[in-house]
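Trainee: Pasting a structure here, questions to come.
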Amino acid sequence: GQCALACPTGAIVVKDDTRKLWKDIYDKNTRVSVQIAPAVRVALGKELGLNDGENAIGKIVAALRRMGFDDIFDTSTGADLTVLEESAELLKRIKEGKNDMPLFTSCCPAWVNYCEKFYPELLPHVSTCRSPMEMFAAVIKEEYSTSSKRLVHVAVMPCTAKKFEAAREEFKVNGVPNVDYVISTQELIQMIKESGIIFSDLEPEAIDMPFGTYTGAGVIFGVTGGVTEAVLRRVVSDKSATSFRSLAYTGVRGMKGVKEASVMYGDRKLRIAVVSGLKNASDLIEKIKSGEHYDLVEVMACPGGCINGGGQPFVQSEEKEKRGKGLYSADKLCNIKSSEENPLMMTLYKGALKGRVHELLHVDYAAKKEAK
Ligand code: SF4
C-alpha cells in the first residue's frame with residue numbers, strides 16, 4: 001500500500017495485480033482460463049532468448065501451463081467470432097442501403113474511447129461488435145458457468161487500453177467483469193521470468209480444446225489491415241486459395257498509416273480505408289465528412305496495429321515489420337483461412353450462442369452516449 005502511493009509510475013500497482021493473479025492461480029477452488037492475443041506471440045520472443053517476430057505461441061502455451069493456468073486459449077478464436085459478426089453487419093448495412101457513412105471497426109478500445117470523446121456523432125456508425133477479447137471472454141464464462149469452482153478469466157494483451165476496456169460496465173455480468181485480469185506482454189514476460197522458466201528451452205505445446213480451433217483470418221487481426229483482410233475473406237464469393245492470395249495485394253497489407261483498397265461484392269465495388277495511428281484516423285474522418293465515400297474503415301490506434309501496442313516491448317520500425325511478417329507466416333501455417341470455415345464456430349452458434357448472439361457478442365456504444 002505505502003509503496004503504491006510512493007511509486008510515481010504506478011508500476012507497483014501493476015505488480016500488485018499480477019501478485020493477485022498468482023494467488024488465484026494457486027487457489028485450488030479457482031479455475032483460471034487465459035486467452036492470448038495474436039500480436040503477443042511475435043513480440044515477446046526477443047526478451048526471452050528468441051528472435052523478435054518469431055511466432056512463439058507454442059512456447060507461450062507451454063509456459064502458461066507450467067505456471068499453473070487451467071485452460072489456455074487463443075484470442076484468434078474470438079477474432080473469428082468478430083469476423084462473422086462484423087461482416088454480417090457490413091452486408092446488412094449495404095443491403096439496407098445505409099451506406100452514406102462507412103462502418104467503423106470497434107476492436108481497438110483506444111479508438112472507441114477517442115471516438116466517444118472527439119467524434120460522438122460517429123458512434124452510430126461504429127460496429128456494435130465487441131472486440132475479440134470481449135466476445136471470447138463472454139463465451140468462455142458462459143460455457144464454464146456450471147463449474148463448481150470460482151471462474152477467473154485472464155487476457156494477455158499487447159496494450160494497456162485493454163485494461164480499461166475490460167473494466168467497462170458494458171462488459172460486466174452482475175458487477176463482475178468477463179475479463180478479470182488483463183496482463184500486458186511486458187507483464188507476461190515478467191511473470192515468466194519470475195517463475196524461473198527457461199523460455200527458449202520449452203517444447204512448443206498446443207492450445208486447449210474445446211475452444212482451441214482458430215483460422216488464419218483470426219491470427220492476422222494483430223497487424224494493421226488484418227481485420228479488413230479477414231472480413232474480405234468472409235464476404236468474397238470466390239473462396240479459392242488464389243482469390244485469398246489476391247486479397248493480400250488489394251492494398252490492405254503493409255505498415256503504412258493510411259491504406260485504401262477496393263473489392264467487388266456482387267456487382268458493387270466496396271471501398272475500404274485502413275488507418276493506424278489516431279492522427280491518421282482524424283484526418284480520414286475529416287475527409288469523409290467532406291464527402292469521401294467508404295464502406296468500411298478499419299481503425300487501430302497504434303501505428304502498425306497491435307504488433308506495436310503500448311504493452312509490447314519497444315522496437316524500431318524495422319523490427320515492427322518483422323512482427324507483421326511473423327503473423328502473416330502464422331496465417332500461412334493455418335489450414336483454415338476463413339472464419340466461417342472454423343468448425344468451432346458452428347458448434348458455438350448452435351450451442352451457447354443460440355438466441356444470445358446480441359447479448360454475448362455485441363455492445364451499443366452509441367446507446368450509452370444517448371443515455372448520458
Ligand atoms: Fe491496443 Fe493499440 Fe491494438 Fe488498439 S491498436 S487494441 S490500443 S494494441
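How things are named: the first chain in the C-alpha cells is A, the next is B, and so on; residues count from 1 in each chain; ligands count from 1 in the order shown.
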Show me which residues sit within 6 Å of ligand 1 when counting only C-alpha atoms and all ligand atoms, and put them as a ChimeraX atom specification.

Mentor: /A:108-110,158-159,161,300-302,305-306,309

Trainee: Skip range 259-265 of chain A itself and residues of its chain fewer than 2 positions away, then list as a VMD selection string all residues within 8 Å of it, counting only C-alpha atoms.

Mentor: chain A and resid 235 to 237 250 to 252 256 to 257 267 to 275

Trainee: If you count only C-alpha atoms, which residues fall within 12 Å of Asn51 in chain A, apart from same-chain ones fewer than 2 positions away, as a short mmCIF file (atom, residue, chain, number, x, y, z; two decimals) with N, CA, C and O atoms, in the first residue's frame?

Mentor:
```
data_model
loop_
_atom_site.label_atom_id
_atom_site.label_comp_id
_atom_site.auth_asym_id
_atom_site.auth_seq_id
_atom_site.Cartn_x
_atom_site.Cartn_y
_atom_site.Cartn_z
N ARG A 41 2.33 -13.14 -29.61
CA ARG A 41 3.22 -14.27 -29.98
C ARG A 41 4.45 -13.86 -30.78
O ARG A 41 5.43 -14.56 -30.80
N VAL A 42 4.36 -12.71 -31.48
CA VAL A 42 5.50 -12.29 -32.31
C VAL A 42 6.32 -11.18 -31.66
O VAL A 42 7.19 -10.60 -32.28
N ALA A 43 5.99 -10.86 -30.39
CA ALA A 43 6.66 -9.72 -29.78
C ALA A 43 7.43 -10.02 -28.50
O ALA A 43 8.21 -9.19 -28.04
N LEU A 44 7.23 -11.16 -27.90
CA LEU A 44 7.89 -11.38 -26.61
C LEU A 44 9.15 -12.23 -26.71
O LEU A 44 9.94 -12.26 -25.78
N GLY A 45 9.36 -12.86 -27.86
CA GLY A 45 10.48 -13.78 -28.01
C GLY A 45 11.83 -13.17 -27.71
O GLY A 45 12.64 -13.77 -27.00
N LYS A 46 12.06 -11.97 -28.24
CA LYS A 46 13.39 -11.37 -28.14
C LYS A 46 13.84 -11.21 -26.68
O LYS A 46 15.00 -11.46 -26.36
N GLU A 47 12.91 -10.81 -25.82
CA GLU A 47 13.24 -10.62 -24.39
C GLU A 47 13.53 -11.95 -23.71
O GLU A 47 14.04 -11.99 -22.60
N LEU A 48 13.12 -13.03 -24.36
CA LEU A 48 13.23 -14.34 -23.71
C LEU A 48 14.12 -15.30 -24.50
O LEU A 48 13.98 -16.51 -24.42
N GLY A 49 15.02 -14.71 -25.28
CA GLY A 49 16.04 -15.53 -25.95
C GLY A 49 15.69 -16.03 -27.33
O GLY A 49 16.39 -16.89 -27.88
N GLY A 53 9.72 -11.20 -33.76
CA GLY A 53 8.97 -11.56 -34.97
C GLY A 53 8.74 -13.05 -35.08
O GLY A 53 7.91 -13.51 -35.85
N GLU A 54 9.51 -13.84 -34.31
CA GLU A 54 9.35 -15.30 -34.33
C GLU A 54 8.05 -15.66 -33.62
O GLU A 54 7.78 -15.14 -32.53
N ASN A 55 7.26 -16.53 -34.24
CA ASN A 55 5.99 -16.90 -33.64
C ASN A 55 6.21 -17.86 -32.46
O ASN A 55 6.58 -19.01 -32.64
N ALA A 56 5.97 -17.37 -31.25
CA ALA A 56 6.30 -18.17 -30.06
C ALA A 56 5.05 -18.74 -29.38
O ALA A 56 5.12 -19.12 -28.20
N SER A 200 13.31 -20.24 -23.79
CA SER A 200 13.85 -20.71 -25.07
C SER A 200 14.02 -22.23 -25.11
O SER A 200 14.09 -22.82 -26.18
N GLU A 319 11.90 -3.74 -36.98
CA GLU A 319 11.53 -4.92 -36.18
C GLU A 319 10.01 -5.09 -36.18
O GLU A 319 9.49 -6.19 -36.12
N LYS A 322 8.96 -7.04 -38.94
CA LYS A 322 9.22 -8.47 -38.70
C LYS A 322 8.05 -9.10 -37.96
O LYS A 322 7.66 -10.23 -38.21
N ARG A 323 7.51 -8.34 -36.99
CA ARG A 323 6.37 -8.86 -36.23
C ARG A 323 5.17 -9.08 -37.15
O ARG A 323 4.47 -10.09 -37.07
N GLY A 326 5.71 -12.06 -39.15
CA GLY A 326 5.52 -13.23 -38.30
C GLY A 326 4.05 -13.66 -38.26
O GLY A 326 3.74 -14.85 -38.29
#
```

Trainee: Please give the complete set of residues from range 60-246 of chain A that DSSP, run on the backbone, assigns to strand (DSSP E), formatted as a PyMOL selection string.

Mentor: chain A and resi 71-74+103-104+150-157+172-173+176-177+181-184

Trainee: Counting only C-alpha atoms, which residue out of A:Met191, A:Ala206, A:Ala39, A:Ala166 sits closest to Gly304 in chain A?

Mentor: A:Ala39

Trainee: For Ile192 in chain A, which of A:Val357, A:Leu123, A:Leu327, A:Ala62 is the closest residue, counting only C-alpha atoms?

Mentor: A:Ala62

Trainee: Please run DSSP on the backbone and report, as a ChimeraX atom specification, all residues within range 14-147 of chain A that come out as helix (DSSP H, G or I).

Mentor: /A:14-26,38-42,46-48,57-67,75-95,109-118,120-125,132-143

Trainee: Write out as a list in words the residues lying within 7 Å of range 27-31 of chain A, counting only C-alpha atoms and excluding same-chain residues fewer than 5 positions away.

Mentor: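 My list of contacting residues is Asp70, Lys149, Arg150, Leu151 and Val152 of chain A.
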
Trainee: Rounded to one decimal in Å, what is the spacing between CA of Ser106 in chain A and CA of Gly266 in chain A?

Mentor: 25.6 Å

Trainee: Could you give me, as a list of chain:residue names, the residues within 12 Å of Trp22 in chain A, counting only C-alpha atoms and dropping anything in the same chain fewer than 2 positions from it?

Mentor: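 Counting only the stated atoms, we get A:Lys15, A:Asp16, A:Asp17, A:Thr18, A:Arg19, A:Lys20, A:Asp24, A:Ile25, A:Tyr26, A:Asp27, A:Lys28, A:Thr30, A:Val32, A:Leu64, A:Met67, A:Gly68, A:Phe69, A:Val152, A:Val154, A:Tyr181, A:Ile183, A:Leu188, A:Met191, A:Ile192, A:Glu194, A:Ser195.
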
Trainee: Write to file, as a short mmCIF file (atom, residue, chain, number, x, y, z; two decimals), in the first residue's frame, the residues of the selection just made, with N, CA, C and O atoms.

Mentor:
```cif
data_model
loop_
_atom_site.label_atom_id
_atom_site.label_comp_id
_atom_site.auth_asym_id
_atom_site.auth_seq_id
_atom_site.Cartn_x
_atom_site.Cartn_y
_atom_site.Cartn_z
N LYS A 15 2.13 -4.37 -10.44
CA LYS A 15 2.74 -5.53 -9.81
C LYS A 15 1.75 -6.21 -8.86
O LYS A 15 1.65 -7.42 -8.81
N ASP A 16 1.02 -5.37 -8.12
CA ASP A 16 0.02 -5.92 -7.20
C ASP A 16 -0.99 -6.77 -7.93
O ASP A 16 -1.48 -7.78 -7.43
N ASP A 17 -1.34 -6.33 -9.15
CA ASP A 17 -2.31 -7.04 -9.95
C ASP A 17 -1.81 -8.44 -10.30
O ASP A 17 -2.53 -9.43 -10.18
N THR A 18 -0.54 -8.54 -10.72
CA THR A 18 -0.01 -9.85 -11.06
C THR A 18 0.14 -10.71 -9.80
O THR A 18 -0.03 -11.92 -9.84
N ARG A 19 0.43 -10.06 -8.66
CA ARG A 19 0.54 -10.82 -7.42
C ARG A 19 -0.81 -11.46 -7.06
O ARG A 19 -0.88 -12.61 -6.67
N LYS A 20 -1.88 -10.67 -7.26
CA LYS A 20 -3.23 -11.17 -7.00
C LYS A 20 -3.55 -12.34 -7.95
O LYS A 20 -4.14 -13.34 -7.55
N ASP A 24 -4.67 -16.36 -7.34
CA ASP A 24 -5.80 -17.06 -7.97
C ASP A 24 -5.33 -18.34 -8.67
O ASP A 24 -6.00 -19.36 -8.64
N ILE A 25 -4.15 -18.25 -9.30
CA ILE A 25 -3.63 -19.43 -10.00
C ILE A 25 -3.38 -20.57 -9.00
O ILE A 25 -3.68 -21.73 -9.27
N TYR A 26 -2.84 -20.21 -7.83
CA TYR A 26 -2.52 -21.25 -6.84
C TYR A 26 -3.72 -21.72 -6.03
O TYR A 26 -3.66 -22.75 -5.36
N ASP A 27 -4.85 -20.99 -6.12
CA ASP A 27 -6.03 -21.36 -5.35
C ASP A 27 -6.74 -22.56 -6.01
O ASP A 27 -7.19 -22.47 -7.16
N LYS A 28 -6.85 -23.65 -5.28
CA LYS A 28 -7.41 -24.90 -5.84
C LYS A 28 -8.89 -24.76 -6.20
O LYS A 28 -9.43 -25.52 -6.99
N THR A 30 -10.26 -22.22 -7.61
CA THR A 30 -10.45 -21.25 -8.70
C THR A 30 -9.97 -21.86 -10.00
O THR A 30 -8.89 -22.45 -10.06
N VAL A 32 -8.73 -21.00 -13.56
CA VAL A 32 -8.20 -19.83 -14.26
C VAL A 32 -7.98 -20.15 -15.75
O VAL A 32 -7.14 -20.98 -16.11
N LEU A 64 2.60 -20.96 -19.93
CA LEU A 64 1.39 -20.71 -19.14
C LEU A 64 0.94 -21.99 -18.41
O LEU A 64 0.48 -21.94 -17.27
N MET A 67 3.05 -22.50 -15.49
CA MET A 67 2.75 -21.50 -14.46
C MET A 67 1.48 -21.86 -13.70
O MET A 67 1.22 -21.28 -12.64
N GLY A 68 0.67 -22.76 -14.24
CA GLY A 68 -0.50 -23.24 -13.49
C GLY A 68 -1.86 -22.83 -14.04
O GLY A 68 -2.88 -23.07 -13.40
N PHE A 69 -1.89 -22.20 -15.22
CA PHE A 69 -3.20 -21.85 -15.80
C PHE A 69 -3.95 -23.14 -16.17
O PHE A 69 -3.35 -24.10 -16.65
N VAL A 152 -12.11 -17.47 -13.12
CA VAL A 152 -11.33 -16.27 -13.36
C VAL A 152 -10.82 -16.34 -14.80
O VAL A 152 -10.31 -17.38 -15.24
N VAL A 154 -8.38 -14.54 -17.75
CA VAL A 154 -7.24 -13.65 -17.95
C VAL A 154 -7.03 -13.44 -19.45
O VAL A 154 -7.19 -14.38 -20.23
N TYR A 181 -8.62 -10.21 -15.44
CA TYR A 181 -7.28 -9.60 -15.47
C TYR A 181 -6.84 -9.40 -16.91
O TYR A 181 -6.99 -10.32 -17.72
N ILE A 183 -3.32 -8.81 -18.72
CA ILE A 183 -1.88 -8.82 -18.48
C ILE A 183 -1.20 -8.38 -19.78
O ILE A 183 -1.48 -8.96 -20.84
N LEU A 188 3.59 -10.32 -18.90
CA LEU A 188 3.73 -11.78 -19.07
C LEU A 188 5.22 -12.16 -19.05
O LEU A 188 5.61 -13.14 -18.40
N MET A 191 6.30 -12.24 -15.57
CA MET A 191 5.78 -13.42 -14.84
C MET A 191 6.55 -14.69 -15.23
O MET A 191 6.81 -15.54 -14.39
N ILE A 192 6.89 -14.79 -16.52
CA ILE A 192 7.65 -15.96 -16.97
C ILE A 192 9.02 -15.97 -16.29
O ILE A 192 9.49 -16.99 -15.79
N GLU A 194 9.79 -14.46 -13.45
CA GLU A 194 9.60 -14.72 -12.01
C GLU A 194 9.47 -16.20 -11.73
O GLU A 194 9.89 -16.69 -10.69
N SER A 195 8.86 -16.94 -12.66
CA SER A 195 8.65 -18.36 -12.37
C SER A 195 9.87 -19.21 -12.67
O SER A 195 9.85 -20.43 -12.48
#
```

Trainee: Excluding Glu116 in chain A and its own-chain neighbours fewer than 4 positions away, which residues fall within 12 Å of it when counting only C-alpha atoms? Please give them as a list in words.

Mentor: Ser106, Pro109, Ala110, Trp111, Val112, Pro120, Glu121, Leu122, Leu123, Pro124, His125, Val126, Asp364, Tyr365, Ala366, Ala367, Lys368, Lys369, Glu370 and Lys372 of chain A

Trainee: So that I can see what lies close to Ser240 in chain A, please list as a list in words the residues with an atom at most 12 Å from it, counting only C-alpha atoms and leaving out residues fewer than 5 positions away in the same chain.

Mentor: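 Answer for this query is Arg233, Arg234, Arg245, Ser246, Leu247, Ile336, Lys337 and Ser338 of chain A.
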